[in-house]
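A.B. asks: Please find query.cif (mmCIF, C-alpha atoms and all ligand atoms) on the next line:
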data_run
loop_
_atom_site.group_PDB
_atom_site.id
_atom_site.type_symbol
_atom_site.label_atom_id
_atom_site.label_comp_id
_atom_site.auth_asym_id
_atom_site.auth_seq_id
_atom_site.Cartn_x
_atom_site.Cartn_y
_atom_site.Cartn_z
ATOM 1 C CA MET N 1 109.272 104.676 94.708
ATOM 2 C CA ALA N 2 108.884 103.494 91.135
ATOM 3 C CA LEU N 3 107.124 105.956 88.899
ATOM 4 C CA GLN N 4 104.338 104.835 86.653
ATOM 5 C CA GLY N 5 103.517 105.906 83.115
ATOM 6 C CA ARG N 6 104.649 105.205 79.597
ATOM 7 C CA GLY N 7 108.114 106.355 78.707
ATOM 8 C CA ARG N 8 108.955 107.506 82.215
ATOM 9 C CA LEU N 9 112.296 107.013 83.860
ATOM 10 C CA SER N 10 111.427 103.859 85.779
ATOM 11 C CA GLN N 11 110.450 101.964 82.682
ATOM 12 C CA VAL N 12 112.863 102.775 79.942
ATOM 13 C CA GLU N 13 115.440 100.427 78.582
ATOM 14 C CA MET N 14 119.128 101.060 78.824
ATOM 15 C CA HIS N 15 120.629 103.151 76.122
ATOM 16 C CA PRO N 16 123.031 100.861 74.305
ATOM 17 C CA SER N 17 126.418 101.743 75.688
ATOM 18 C CA PRO N 18 128.173 104.025 73.181
ATOM 19 C CA SER N 19 131.092 102.422 71.417
ATOM 20 C CA ARG N 20 134.368 103.147 73.192
ATOM 21 C CA LYS N 21 136.267 102.573 69.966
ATOM 22 C CA ARG N 22 135.417 106.147 69.035
ATOM 23 C CA TYR N 23 137.105 107.743 72.027
ATOM 24 C CA LEU N 24 140.559 107.775 70.441
ATOM 25 C CA SER N 25 139.193 109.288 67.261
ATOM 26 C CA LEU N 26 137.546 112.078 69.317
ATOM 27 C CA TYR N 27 140.838 112.641 71.121
ATOM 28 C CA PHE N 28 142.758 113.207 67.877
ATOM 29 C CA ARG N 29 139.957 115.284 66.337
ATOM 30 C CA ASN N 30 140.176 117.534 69.367
ATOM 31 C CA VAL N 31 143.912 117.986 68.846
ATOM 32 C CA LEU N 32 143.380 118.794 65.162
ATOM 33 C CA LEU N 33 140.545 121.235 65.829
ATOM 34 C CA ASN N 34 141.934 122.914 68.920
ATOM 35 C CA THR N 35 145.699 122.736 68.270
ATOM 36 C CA PRO N 36 148.091 120.460 70.199
ATOM 37 C CA LEU N 37 147.737 122.852 73.137
ATOM 38 C CA SER N 38 144.529 120.993 73.911
ATOM 39 C CA LEU N 39 146.702 118.045 74.922
ATOM 40 C CA VAL N 40 147.897 119.895 77.983
ATOM 41 C CA LEU N 41 145.263 122.547 78.552
ATOM 42 C CA ASP N 42 142.027 120.945 77.569
ATOM 43 C CA LEU N 43 139.299 122.456 79.643
ATOM 44 C CA ARG N 44 136.517 121.238 77.377
ATOM 45 C CA LEU N 45 136.913 117.553 76.587
ATOM 46 C CA ALA N 46 136.615 116.039 80.040
ATOM 47 C CA SER N 47 136.289 112.266 80.303
ATOM 48 C CA GLY N 48 132.472 112.291 80.581
ATOM 49 C CA ARG N 49 132.203 114.190 77.310
ATOM 50 C CA TYR N 50 133.614 111.216 75.386
ATOM 51 C CA LEU N 51 130.621 109.137 76.410
ATOM 52 C CA GLU N 52 128.161 111.984 75.846
ATOM 53 C CA TYR N 53 129.523 112.948 72.422
ATOM 54 C CA VAL N 54 129.567 109.372 71.175
ATOM 55 C CA ALA N 55 125.904 109.057 72.250
ATOM 56 C CA ALA N 56 125.095 112.252 70.323
ATOM 57 C CA LEU N 57 127.065 111.042 67.298
ATOM 58 C CA ASP N 58 125.126 107.760 67.341
ATOM 59 C CA LEU N 59 122.009 109.841 66.728
ATOM 60 C CA VAL N 60 123.698 111.803 63.958
ATOM 61 C CA GLY N 61 124.772 108.530 62.352
ATOM 62 C CA THR N 62 121.105 107.734 61.652
ATOM 63 C CA LEU N 63 120.567 110.957 59.667
ATOM 64 C CA ASN N 64 121.178 111.992 56.045
ATOM 65 C CA SER N 65 123.386 114.727 54.643
ATOM 66 C CA SER N 66 120.317 116.893 53.959
ATOM 67 C CA ASP N 67 119.227 116.800 57.624
ATOM 68 C CA TRP N 68 119.843 119.578 60.153
ATOM 69 C CA ILE N 69 120.669 119.110 63.832
ATOM 70 C CA LEU N 70 120.397 121.688 66.594
ATOM 71 C CA ASP N 71 123.053 121.711 69.350
ATOM 72 C CA VAL N 72 121.546 123.634 72.305
ATOM 73 C CA GLY N 73 124.153 125.177 74.636
ATOM 74 C CA CYS N 74 127.037 124.185 72.343
ATOM 75 C CA GLY N 75 129.654 126.120 74.306
ATOM 76 C CA HIS N 76 133.210 125.645 73.016
ATOM 77 C CA SER N 77 132.497 122.052 72.092
ATOM 78 C CA LEU N 78 133.975 120.258 69.103
ATOM 79 C CA LEU N 79 130.711 118.353 68.612
ATOM 80 C CA PRO N 80 129.184 120.809 66.073
ATOM 81 C CA SER N 81 132.334 120.634 63.916
ATOM 82 C CA ILE N 82 132.208 116.853 63.877
ATOM 83 C CA ILE N 83 128.458 116.747 63.180
ATOM 84 C CA SER N 84 128.901 119.172 60.289
ATOM 85 C CA GLU N 85 130.991 116.593 58.462
ATOM 86 C CA ARG N 86 127.882 114.445 58.134
ATOM 87 C CA CYS N 87 124.927 116.860 58.079
ATOM 88 C CA GLY N 88 123.953 120.461 58.825
ATOM 89 C CA VAL N 89 124.241 121.755 62.385
ATOM 90 C CA VAL N 90 123.091 124.913 64.106
ATOM 91 C CA ALA N 91 125.298 125.513 67.163
ATOM 92 C CA LEU N 92 123.310 127.702 69.565
ATOM 93 C CA ASP N 93 124.478 129.287 72.788
ATOM 94 C CA ILE N 94 123.491 132.195 74.990
ATOM 95 C CA ALA N 95 127.144 133.133 75.647
ATOM 96 C CA PRO N 96 128.474 135.385 72.855
ATOM 97 C CA GLN N 97 132.065 134.132 73.347
ATOM 98 C CA SER N 98 130.921 130.555 72.664
ATOM 99 C CA VAL N 99 129.157 131.664 69.469
ATOM 100 C CA ARG N 100 132.279 133.570 68.390
ATOM 101 C CA TRP N 101 134.424 130.507 69.053
ATOM 102 C CA GLN N 102 132.088 128.300 66.985
ATOM 103 C CA ALA N 103 132.122 130.963 64.236
ATOM 104 C CA LYS N 104 135.913 130.626 63.982
ATOM 105 C CA LYS N 105 135.571 126.868 63.573
ATOM 106 C CA ALA N 106 132.752 127.380 61.058
ATOM 107 C CA GLN N 107 135.036 129.198 58.629
ATOM 108 C CA GLN N 108 136.069 125.920 57.024
ATOM 109 C CA LYS N 109 132.677 124.222 57.545
ATOM 110 C CA ARG N 110 129.886 124.881 55.118
ATOM 111 C CA LEU N 111 127.248 123.127 57.207
ATOM 112 C CA LEU N 112 127.976 124.701 60.603
ATOM 113 C CA GLU N 113 125.868 127.711 61.591
ATOM 114 C CA PRO N 114 126.729 129.296 64.954
ATOM 115 C CA THR N 115 123.749 131.174 66.387
ATOM 116 C CA TRP N 116 123.281 133.306 69.445
ATOM 117 C CA GLY N 117 120.054 132.458 71.266
ATOM 118 C CA ASP N 118 118.304 131.424 74.442
ATOM 119 C CA ALA N 119 117.292 127.783 74.777
ATOM 120 C CA ALA N 120 114.086 128.932 76.472
ATOM 121 C CA HIS N 121 113.033 130.924 73.377
ATOM 122 C CA LEU N 122 114.529 129.187 70.363
ATOM 123 C CA PRO N 123 114.531 131.407 67.259
ATOM 124 C CA PHE N 124 113.268 128.662 64.919
ATOM 125 C CA ALA N 125 109.924 127.580 63.468
ATOM 126 C CA ASP N 126 108.121 124.442 64.699
ATOM 127 C CA ASN N 127 109.394 121.084 63.358
ATOM 128 C CA THR N 128 112.586 122.565 61.855
ATOM 129 C CA PHE N 129 115.210 120.007 62.902
ATOM 130 C CA SER N 130 115.715 116.308 62.251
ATOM 131 C CA GLY N 131 117.522 115.928 65.563
ATOM 132 C CA VAL N 132 118.426 117.932 68.675
ATOM 133 C CA VAL N 133 121.375 117.447 71.023
ATOM 134 C CA SER N 134 122.087 119.267 74.245
ATOM 135 C CA ILE N 135 125.187 118.262 76.158
ATOM 136 C CA SER N 136 125.424 119.217 79.809
ATOM 137 C CA ALA N 137 123.655 122.543 79.326
ATOM 138 C CA ILE N 138 120.102 122.189 80.673
ATOM 139 C CA GLU N 139 121.249 121.807 84.309
ATOM 140 C CA HIS N 140 122.730 125.317 84.132
ATOM 141 C CA MET N 141 119.374 126.970 83.418
ATOM 142 C CA PRO N 142 117.831 128.477 86.578
ATOM 143 C CA GLU N 143 114.182 129.040 87.553
ATOM 144 C CA ASP N 144 111.858 127.396 85.046
ATOM 145 C CA LEU N 145 114.238 127.872 82.094
ATOM 146 C CA ASP N 146 115.112 124.164 81.950
ATOM 147 C CA THR N 147 111.451 123.219 81.516
ATOM 148 C CA LEU N 148 111.004 125.937 78.892
ATOM 149 C CA ALA N 149 114.125 124.713 77.074
ATOM 150 C CA SER N 150 112.813 121.149 77.050
ATOM 151 C CA LYS N 151 109.508 122.420 75.592
ATOM 152 C CA GLU N 152 111.344 124.449 72.983
ATOM 153 C CA MET N 153 113.548 121.528 71.922
ATOM 154 C CA TRP N 154 110.378 119.469 71.462
ATOM 155 C CA ARG N 155 108.706 122.246 69.452
ATOM 156 C CA VAL N 156 111.537 122.722 66.942
ATOM 157 C CA LEU N 157 112.097 118.966 66.474
ATOM 158 C CA ARG N 158 110.180 117.303 63.670
ATOM 159 C CA PRO N 159 107.644 114.601 64.680
ATOM 160 C CA GLY N 160 109.416 111.251 64.939
ATOM 161 C CA GLY N 161 112.716 113.052 65.623
ATOM 162 C CA VAL N 162 115.125 112.218 68.446
ATOM 163 C CA CYS N 163 116.644 114.518 71.045
ATOM 164 C CA VAL N 164 119.722 113.491 73.066
ATOM 165 C CA VAL N 165 119.983 115.416 76.338
ATOM 166 C CA THR N 166 122.757 114.811 78.842
ATOM 167 C CA THR N 167 122.677 116.218 82.333
ATOM 168 C CA THR N 168 123.754 115.761 85.934
ATOM 169 C CA PHE N 169 122.078 113.018 87.915
ATOM 170 C CA SER N 170 121.781 111.688 91.439
ATOM 171 C CA ALA N 171 119.992 108.570 92.534
ATOM 172 C CA ASN N 172 119.147 110.338 95.775
ATOM 173 C CA LYS N 173 118.182 113.892 96.612
ATOM 174 C CA TYR N 174 117.545 116.659 94.098
ATOM 175 C CA ALA N 175 120.004 119.520 94.695
ATOM 176 C CA VAL N 176 121.014 122.916 93.357
ATOM 177 C CA GLN N 177 124.557 124.182 93.720
ATOM 178 C CA GLU N 178 125.622 127.737 93.148
ATOM 179 C CA ASP N 179 129.142 127.819 94.567
ATOM 180 C CA TRP N 180 131.496 129.608 92.208
ATOM 181 C CA ASN N 181 134.164 126.905 92.723
ATOM 182 C CA THR N 182 132.015 123.819 92.032
ATOM 183 C CA HIS N 183 134.081 121.136 90.218
ATOM 184 C CA MET N 184 137.207 123.258 90.491
ATOM 185 C CA PRO N 185 140.491 121.554 91.478
ATOM 186 C CA LEU N 186 141.341 122.309 95.091
ATOM 187 C CA LEU N 187 144.548 124.213 94.301
ATOM 188 C CA LEU N 188 142.805 126.503 91.821
ATOM 189 C CA SER N 189 139.942 127.286 94.170
ATOM 190 C CA LEU N 190 142.531 128.501 96.699
ATOM 191 C CA LEU N 191 143.252 131.402 94.342
ATOM 192 C CA GLY N 192 139.915 132.793 95.415
ATOM 193 C CA ARG N 193 136.725 134.116 93.975
ATOM 194 C CA ARG N 194 138.054 137.554 93.051
ATOM 195 C CA PHE N 195 140.877 136.116 90.944
ATOM 196 C CA TRP N 196 138.528 133.770 89.078
ATOM 197 C CA SER N 197 135.859 136.379 88.424
ATOM 198 C CA ARG N 198 138.504 138.169 86.312
ATOM 199 C CA ALA N 199 140.217 135.092 84.884
ATOM 200 C CA PHE N 200 137.006 133.517 83.551
ATOM 201 C CA LYS N 201 136.593 136.431 81.151
ATOM 202 C CA PHE N 202 139.783 135.378 79.356
ATOM 203 C CA LEU N 203 139.689 131.608 79.643
ATOM 204 C CA PRO N 204 138.093 129.300 77.060
ATOM 205 C CA VAL N 205 135.732 127.736 79.604
ATOM 206 C CA ASP N 206 131.953 127.895 79.723
ATOM 207 C CA ARG N 207 131.497 129.142 83.224
ATOM 208 C CA ARG N 208 131.065 132.478 84.894
ATOM 209 C CA GLU N 209 131.596 133.669 88.398
ATOM 210 C CA ALA N 210 127.962 132.951 89.170
ATOM 211 C CA TYR N 211 127.793 129.203 88.681
ATOM 212 C CA TYR N 212 124.410 127.488 88.735
ATOM 213 C CA GLU N 213 123.898 123.748 88.471
ATOM 214 C CA ARG N 214 120.982 121.455 89.260
ATOM 215 C CA ILE N 215 121.599 117.852 90.171
ATOM 216 C CA TYR N 216 118.476 116.111 88.881
ATOM 217 C CA ASN N 217 117.104 112.967 90.400
ATOM 218 C CA ARG N 218 114.602 110.659 88.730
ATOM 219 C CA ARG N 219 111.526 112.445 90.062
ATOM 220 C CA VAL N 220 112.696 115.933 89.120
ATOM 221 C CA LEU N 221 113.794 114.817 85.644
ATOM 222 C CA ASN N 222 110.279 113.540 85.086
ATOM 223 C CA GLU N 223 108.612 116.577 86.625
ATOM 224 C CA ARG N 224 110.713 119.266 84.964
ATOM 225 C CA LEU N 225 111.928 117.879 81.640
ATOM 226 C CA ILE N 226 109.722 115.013 80.514
ATOM 227 C CA ASP N 227 106.133 115.158 81.761
ATOM 228 C CA PRO N 228 105.288 118.821 80.974
ATOM 229 C CA VAL N 229 106.506 118.336 77.427
ATOM 230 C CA GLY N 230 105.137 115.031 76.167
ATOM 231 C CA TRP N 231 108.455 113.439 75.307
ATOM 232 C CA LYS N 232 108.564 109.697 75.000
ATOM 233 C CA LEU N 233 111.684 108.661 76.882
ATOM 234 C CA GLU N 234 113.186 105.873 74.817
ATOM 235 C CA THR N 235 116.403 105.094 76.643
ATOM 236 C CA ALA N 236 118.462 106.340 79.584
ATOM 237 C CA LEU N 237 122.055 105.619 80.457
ATOM 238 C CA THR N 238 123.620 106.772 83.702
ATOM 239 C CA PHE N 239 127.345 106.903 84.288
ATOM 240 C CA GLU N 240 129.783 107.782 87.032
ATOM 241 C CA ALA N 241 133.501 108.121 87.512
ATOM 242 C CA PRO N 242 135.294 105.820 89.952
ATOM 243 C CA LEU N 243 136.558 107.451 93.150
ATOM 244 C CA LEU N 244 140.139 107.525 91.845
ATOM 245 C CA VAL N 245 139.140 109.648 88.834
ATOM 246 C CA ARG N 246 137.162 112.050 91.034
ATOM 247 C CA MET N 247 140.211 112.432 93.267
ATOM 248 C CA LEU N 248 142.479 113.083 90.277
ATOM 249 C CA HIS N 249 140.149 115.885 89.146
ATOM 250 C CA ARG N 250 140.027 117.335 92.632
ATOM 251 C CA PHE N 251 143.739 117.319 93.388
ATOM 252 C CA PHE N 252 145.549 117.729 90.047
ATOM 253 C CA LEU N 253 145.637 120.752 87.787
ATOM 254 C CA PRO N 254 144.130 120.613 84.259
ATOM 255 C CA PRO N 255 147.495 120.433 82.402
ATOM 256 C CA VAL N 256 148.290 117.243 84.319
ATOM 257 C CA ILE N 257 144.915 115.614 83.825
ATOM 258 C CA ALA N 258 144.018 116.848 80.307
ATOM 259 C CA PRO N 259 146.254 114.436 78.380
ATOM 260 C CA LEU N 260 144.722 111.593 80.399
ATOM 261 C CA GLU N 261 141.036 112.484 79.976
ATOM 262 C CA CYS N 262 140.565 110.200 76.978
ATOM 263 C CA PHE N 263 141.963 107.248 78.922
ATOM 264 C CA LEU N 264 139.998 108.141 82.043
ATOM 265 C CA ALA N 265 136.885 107.957 79.855
ATOM 266 C CA TYR N 266 137.431 104.196 79.625
ATOM 267 C CA THR N 267 137.068 103.939 83.403
ATOM 268 C CA LEU N 268 133.597 105.529 83.484
ATOM 269 C CA ARG N 269 130.896 103.104 84.428
ATOM 270 C CA PRO N 270 127.809 103.325 82.184
ATOM 271 C CA SER N 271 124.725 101.655 83.605
ATOM 272 C CA ALA N 272 121.035 101.116 82.985
ATOM 273 C CA SER N 273 120.436 101.492 86.677
ATOM 274 C CA LEU N 274 118.859 104.685 87.937
ATOM 275 C CA ASP N 275 119.963 103.790 91.447
ATOM 276 C CA ARG N 276 123.454 105.105 90.747
ATOM 277 C CA GLY N 277 125.293 107.537 88.502
ATOM 278 C CA GLU N 278 126.362 111.180 88.500
ATOM 279 C CA ALA N 279 125.201 111.991 84.959
ATOM 280 C CA VAL N 280 122.559 110.688 82.603
ATOM 281 C CA ILE N 281 122.141 110.494 78.829
ATOM 282 C CA LEU N 282 118.470 110.649 77.813
ATOM 283 C CA LYS N 283 117.176 109.718 74.380
ATOM 284 C CA LEU N 284 113.832 111.483 73.950
ATOM 285 C CA VAL N 285 111.459 111.022 71.042
ATOM 286 C CA LYS N 286 108.809 113.382 69.711
ATOM 287 C CA SER N 287 106.016 110.993 68.816
ATOM 288 C CA LEU N 288 104.386 110.986 65.399
ATOM 289 C CA ARG N 289 100.787 111.998 65.886
HETATM 290 C C1 LIG N 301 128.812 123.255 80.607
HETATM 291 S S1 LIG N 301 128.608 124.103 79.101
HETATM 292 C C2 LIG N 301 128.448 122.758 77.974
HETATM 293 C C3 LIG N 301 128.937 123.165 76.623
HETATM 294 C C4 LIG N 301 128.945 122.076 75.565
HETATM 295 N N1 LIG N 301 127.620 121.589 75.241
HETATM 296 C C5 LIG N 301 129.880 120.943 75.806
HETATM 297 O O1 LIG N 301 129.626 119.859 75.319
HETATM 298 O O2 LIG N 301 130.927 121.138 76.452
HETATM 299 C C6 LIG N 301 126.959 124.751 79.197
HETATM 300 C C7 LIG N 301 126.625 125.693 78.079
HETATM 301 O O3 LIG N 301 125.230 125.991 78.134
HETATM 302 C C8 LIG N 301 125.073 127.348 77.768
HETATM 303 N N2 LIG N 301 123.771 127.855 78.238
HETATM 304 C C9 LIG N 301 123.378 128.051 79.525
HETATM 305 N N3 LIG N 301 122.135 128.579 79.546
HETATM 306 C C10 LIG N 301 121.726 128.677 78.259
HETATM 307 C C11 LIG N 301 120.534 129.119 77.632
HETATM 308 N N4 LIG N 301 119.488 129.577 78.356
HETATM 309 N N5 LIG N 301 120.462 129.096 76.285
HETATM 310 C C12 LIG N 301 121.494 128.649 75.556
HETATM 311 N N6 LIG N 301 122.666 128.212 76.073
HETATM 312 C C13 LIG N 301 122.780 128.219 77.413
HETATM 313 C C14 LIG N 301 126.265 128.036 78.426
HETATM 314 O O4 LIG N 301 126.521 129.319 77.873
HETATM 315 C C15 LIG N 301 127.364 127.015 78.156
HETATM 316 O O5 LIG N 301 128.031 127.281 76.950
#
Is it possible to express this structure as structure tokens?
Ligand SMILES: C[S@@+](CC[C@H](N)C(=O)[O-])C[C@H]1O[C@@H](n2cnc3c(N)ncnc32)[C@H](O)[C@@H]1O
C.D. replies:
Amino acid sequence: MALQGRGRLSQVEMHPSPSRKRYLSLYFRNVLLNTPLSLVLDLRLASGRYLEYVAALDLVGTLNSSDWILDVGCGHSLLPSIISERCGVVALDIAPQSVRWQAKKAQQKRLLEPTWGDAAHLPFADNTFSGVVSISAIEHMPEDLDTLASKEMWRVLRPGGVCVVTTTFSANKYAVQEDWNTHMPLLLSLLGRRFWSRAFKFLPVDRREAYYERIYNRRVLNERLIDPVGWKLETALTFEAPLLVRMLHRFFLPPVIAPLECFLAYTLRPSASLDRGEAVILKLVKSLR
């Protein structure tokens, strides 16, 4: 059923599809930032991230060098490093190892400030940031933490500012998955839960043994992230991987797939349609009053 109301998911225009020309540049930046090892063992820059990061960088491209951006749930992402070449960026995460990792990258970056914090209680004053980005983080916040995080991102954003949130999406039923081996290649999941509960402590990946992920649908996105907060939803872009890419991720190990991720990104299908897609990029605006 179509939802009514200004700026709600049924009515928004398509986010202009991010330029694919930037994928190759992201690929090489990743190698420079994370050593050539990332070519074979890249657990961070999966194909979907190319699309999501370019969408976030499109927002950054509209800002000035004196502006500050907040990256909520930055993880081990290279996005804060890239943003910091144009303007200031606070890279916030609740996981101390992610903050430590960003701190290492920040050593050569004057405008990158890694910060430990909870998205549901952001340690910043109202209207602090010119822009907010949050890439594939909000779906990992259980209970009502995703709604609180959305409210907090709105609060710390200056009026007229833009927030780019990317998250999981389904055209059909809303779902929550908590299996420890969600998205894990089949062969690796055979190693078992006990092995991975130890291994995750040492690996540069942003997941723990207890894995929590919501798959939002249109109704729940409105109910949990948009309506309680007063965002104006400006654009939405869904995307999904073709079956072949999903099979590659399921059956091949990361060192085989990692060098291909950039090229697999070209096969993703961005769409304005909310009747399909496995992830969505939302561009939310805090209205001027
Ligand atoms: C799947 S990772 C995405 C990381 C990164 N944004 C990227 O582009 O790859 C999700 C991140 O959200 C962080 N996170 C989850 N709950 C959080 C919270 N309440 N506050 C801040 N960060 C949170 C996790 O620690 C993790 O680093």
A.B. asks: Applying the PyMOL selection byres (((chain N and resi 51) around 12) and not hetatm) to the file I just gave you, which residues come out? Please list them as a PDB file with C-alpha atoms, in the frame of the given file.
C.D. replies:
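The file below, part38.pdb, is the result:
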ATOM      1  CA  HIS N  15     120.629 103.151  76.122  1.00  0.00           C
ATOM      2  CA  PRO N  16     123.031 100.861  74.305  1.00  0.00           C
ATOM      3  CA  SER N  17     126.418 101.743  75.688  1.00  0.00           C
ATOM      4  CA  PRO N  18     128.173 104.025  73.181  1.00  0.00           C
ATOM      5  CA  SER N  19     131.092 102.422  71.417  1.00  0.00           C
ATOM      6  CA  ARG N  20     134.368 103.147  73.192  1.00  0.00           C
ATOM      7  CA  LYS N  21     136.267 102.573  69.966  1.00  0.00           C
ATOM      8  CA  ARG N  22     135.417 106.147  69.035  1.00  0.00           C
ATOM      9  CA  TYR N  23     137.105 107.743  72.027  1.00  0.00           C
ATOM     10  CA  LEU N  24     140.559 107.775  70.441  1.00  0.00           C
ATOM     11  CA  LEU N  26     137.546 112.078  69.317  1.00  0.00           C
ATOM     12  CA  LEU N  45     136.913 117.553  76.587  1.00  0.00           C
ATOM     13  CA  ALA N  46     136.615 116.039  80.040  1.00  0.00           C
ATOM     14  CA  SER N  47     136.289 112.266  80.303  1.00  0.00           C
ATOM     15  CA  GLY N  48     132.472 112.291  80.581  1.00  0.00           C
ATOM     16  CA  ARG N  49     132.203 114.190  77.310  1.00  0.00           C
ATOM     17  CA  TYR N  50     133.614 111.216  75.386  1.00  0.00           C
ATOM     18  CA  GLU N  52     128.161 111.984  75.846  1.00  0.00           C
ATOM     19  CA  TYR N  53     129.523 112.948  72.422  1.00  0.00           C
ATOM     20  CA  VAL N  54     129.567 109.372  71.175  1.00  0.00           C
ATOM     21  CA  ALA N  55     125.904 109.057  72.250  1.00  0.00           C
ATOM     22  CA  ALA N  56     125.095 112.252  70.323  1.00  0.00           C
ATOM     23  CA  LEU N  57     127.065 111.042  67.298  1.00  0.00           C
ATOM     24  CA  ASP N  58     125.126 107.760  67.341  1.00  0.00           C
ATOM     25  CA  ILE N 135     125.187 118.262  76.158  1.00  0.00           C
ATOM     26  CA  SER N 136     125.424 119.217  79.809  1.00  0.00           C
ATOM     27  CA  THR N 166     122.757 114.811  78.842  1.00  0.00           C
ATOM     28  CA  LEU N 237     122.055 105.619  80.457  1.00  0.00           C
ATOM     29  CA  THR N 238     123.620 106.772  83.702  1.00  0.00           C
ATOM     30  CA  PHE N 239     127.345 106.903  84.288  1.00  0.00           C
ATOM     31  CA  GLU N 240     129.783 107.782  87.032  1.00  0.00           C
ATOM     32  CA  ALA N 241     133.501 108.121  87.512  1.00  0.00           C
ATOM     33  CA  GLU N 261     141.036 112.484  79.976  1.00  0.00           C
ATOM     34  CA  CYS N 262     140.565 110.200  76.978  1.00  0.00           C
ATOM     35  CA  PHE N 263     141.963 107.248  78.922  1.00  0.00           C
ATOM     36  CA  LEU N 264     139.998 108.141  82.043  1.00  0.00           C
ATOM     37  CA  ALA N 265     136.885 107.957  79.855  1.00  0.00           C
ATOM     38  CA  TYR N 266     137.431 104.196  79.625  1.00  0.00           C
ATOM     39  CA  THR N 267     137.068 103.939  83.403  1.00  0.00           C
ATOM     40  CA  LEU N 268     133.597 105.529  83.484  1.00  0.00           C
ATOM     41  CA  ARG N 269     130.896 103.104  84.428  1.00  0.00           C
ATOM     42  CA  PRO N 270     127.809 103.325  82.184  1.00  0.00           C
ATOM     43  CA  SER N 271     124.725 101.655  83.605  1.00  0.00           C
ATOM     44  CA  ALA N 279     125.201 111.991  84.959  1.00  0.00           C
ATOM     45  CA  VAL N 280     122.559 110.688  82.603  1.00  0.00           C
ATOM     46  CA  ILE N 281     122.141 110.494  78.829  1.00  0.00           C
TER      47      ILE N 281
END
A.B. asks: For the file shown, what are the residues hit by the PyMOL selection byres (((chain N and resi 60-66) around 10) and not hetatm), laid out as a ChimeraX atom specification?
C.D. replies: /N:54-59,67-69,82-88,111,130-133,162
A.B. asks: Counting all atoms listed in the file, name the residues that have an atom within 9 Å of an atom of ligand LIG 301 (chain N); the answer should be given as number ranges by chain.
C.D. replies: N: 44-46, 49, 52-53, 71-79, 92-99, 116-122, 133-142, 145-146, 149, 205-208
A.B. asks: Between N:Leu190, N:Pro185, N:Phe169, N:Trp154, which residue has the minimum interatomic distance to N:Lys232, considering all atoms listed in the file?
C.D. replies: N:Trp154
A.B. asks: Using atom CA of N:Val256 and atom CA of N:Phe202 as the two end points, give the distance in Å to one decimal.
C.D. replies: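 Pair atom CA of N:Val256 / atom CA of N:Phe202 returns 20.6 Å.
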A.B. asks: Pick the closest to N:Gly160 from N:Gln102, N:Thr235, N:Asn127, N:Gln108: which is it, counting all atoms listed in the file?
C.D. replies: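 Once distances to N:Gly160 are computed over all atoms listed in the file, the minimum belongs to N:Asn127.
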A.B. asks: On this structure, the PyMOL selection byres (((chain N and resi 247-253) around 9) and not hetatm) would catch which residues? List them as a PyMOL selection string, sorted by chain and number.
C.D. replies: chain N and resi 183-188+242-246+254-258
A.B. asks: Just to confirm, what's the straight-line distance from atom CA of N:Thr182 to atom CA of N:Glu143 in Å (one decimal)?
C.D. replies: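 Between atom CA of N:Thr182 and atom CA of N:Glu143 the gap is 19.1 Å.
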A.B. asks: Could you work out how far atom CA of N:Gly161 lies from atom CA of N:Glu113, giving the answer in Å with one decimal?
C.D. replies: 20.1 Å
A.B. asks: Let me make sure I understand: among N:Tyr216, N:Tyr27, N:Trp101, N:Phe124, which one has the smallest atom-to-atom distance to N:Ala171 if we use all atoms listed in the file?
C.D. replies: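 Under the stated criterion, the closest residue is N:Tyr216.
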A.B. asks: Between N:Thr167, N:Asn34, N:Asp227, N:Thr128, which is the closest to N:Lys104 once you count only C-alpha atoms?
C.D. replies: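 Checking each candidate against N:Lys104, we get N:Asn34 as the closest.
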A.B. asks: So which one's closest to N:Val220, N:Leu288, N:Leu33, N:Ala175, N:Ala103? Using all atoms listed in the file, please.
C.D. replies: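 Comparing N:Leu288, N:Leu33, N:Ala175, N:Ala103 against N:Val220, the winner is N:Ala175.
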A.B. asks: Pick the closest to N:Thr115 from N:Arg155, N:Leu70, N:Arg224, N:Thr168: which is it, counting only C-alpha atoms?
C.D. replies: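 Looking at the shortest contact to N:Thr115, the residue is N:Leu70.
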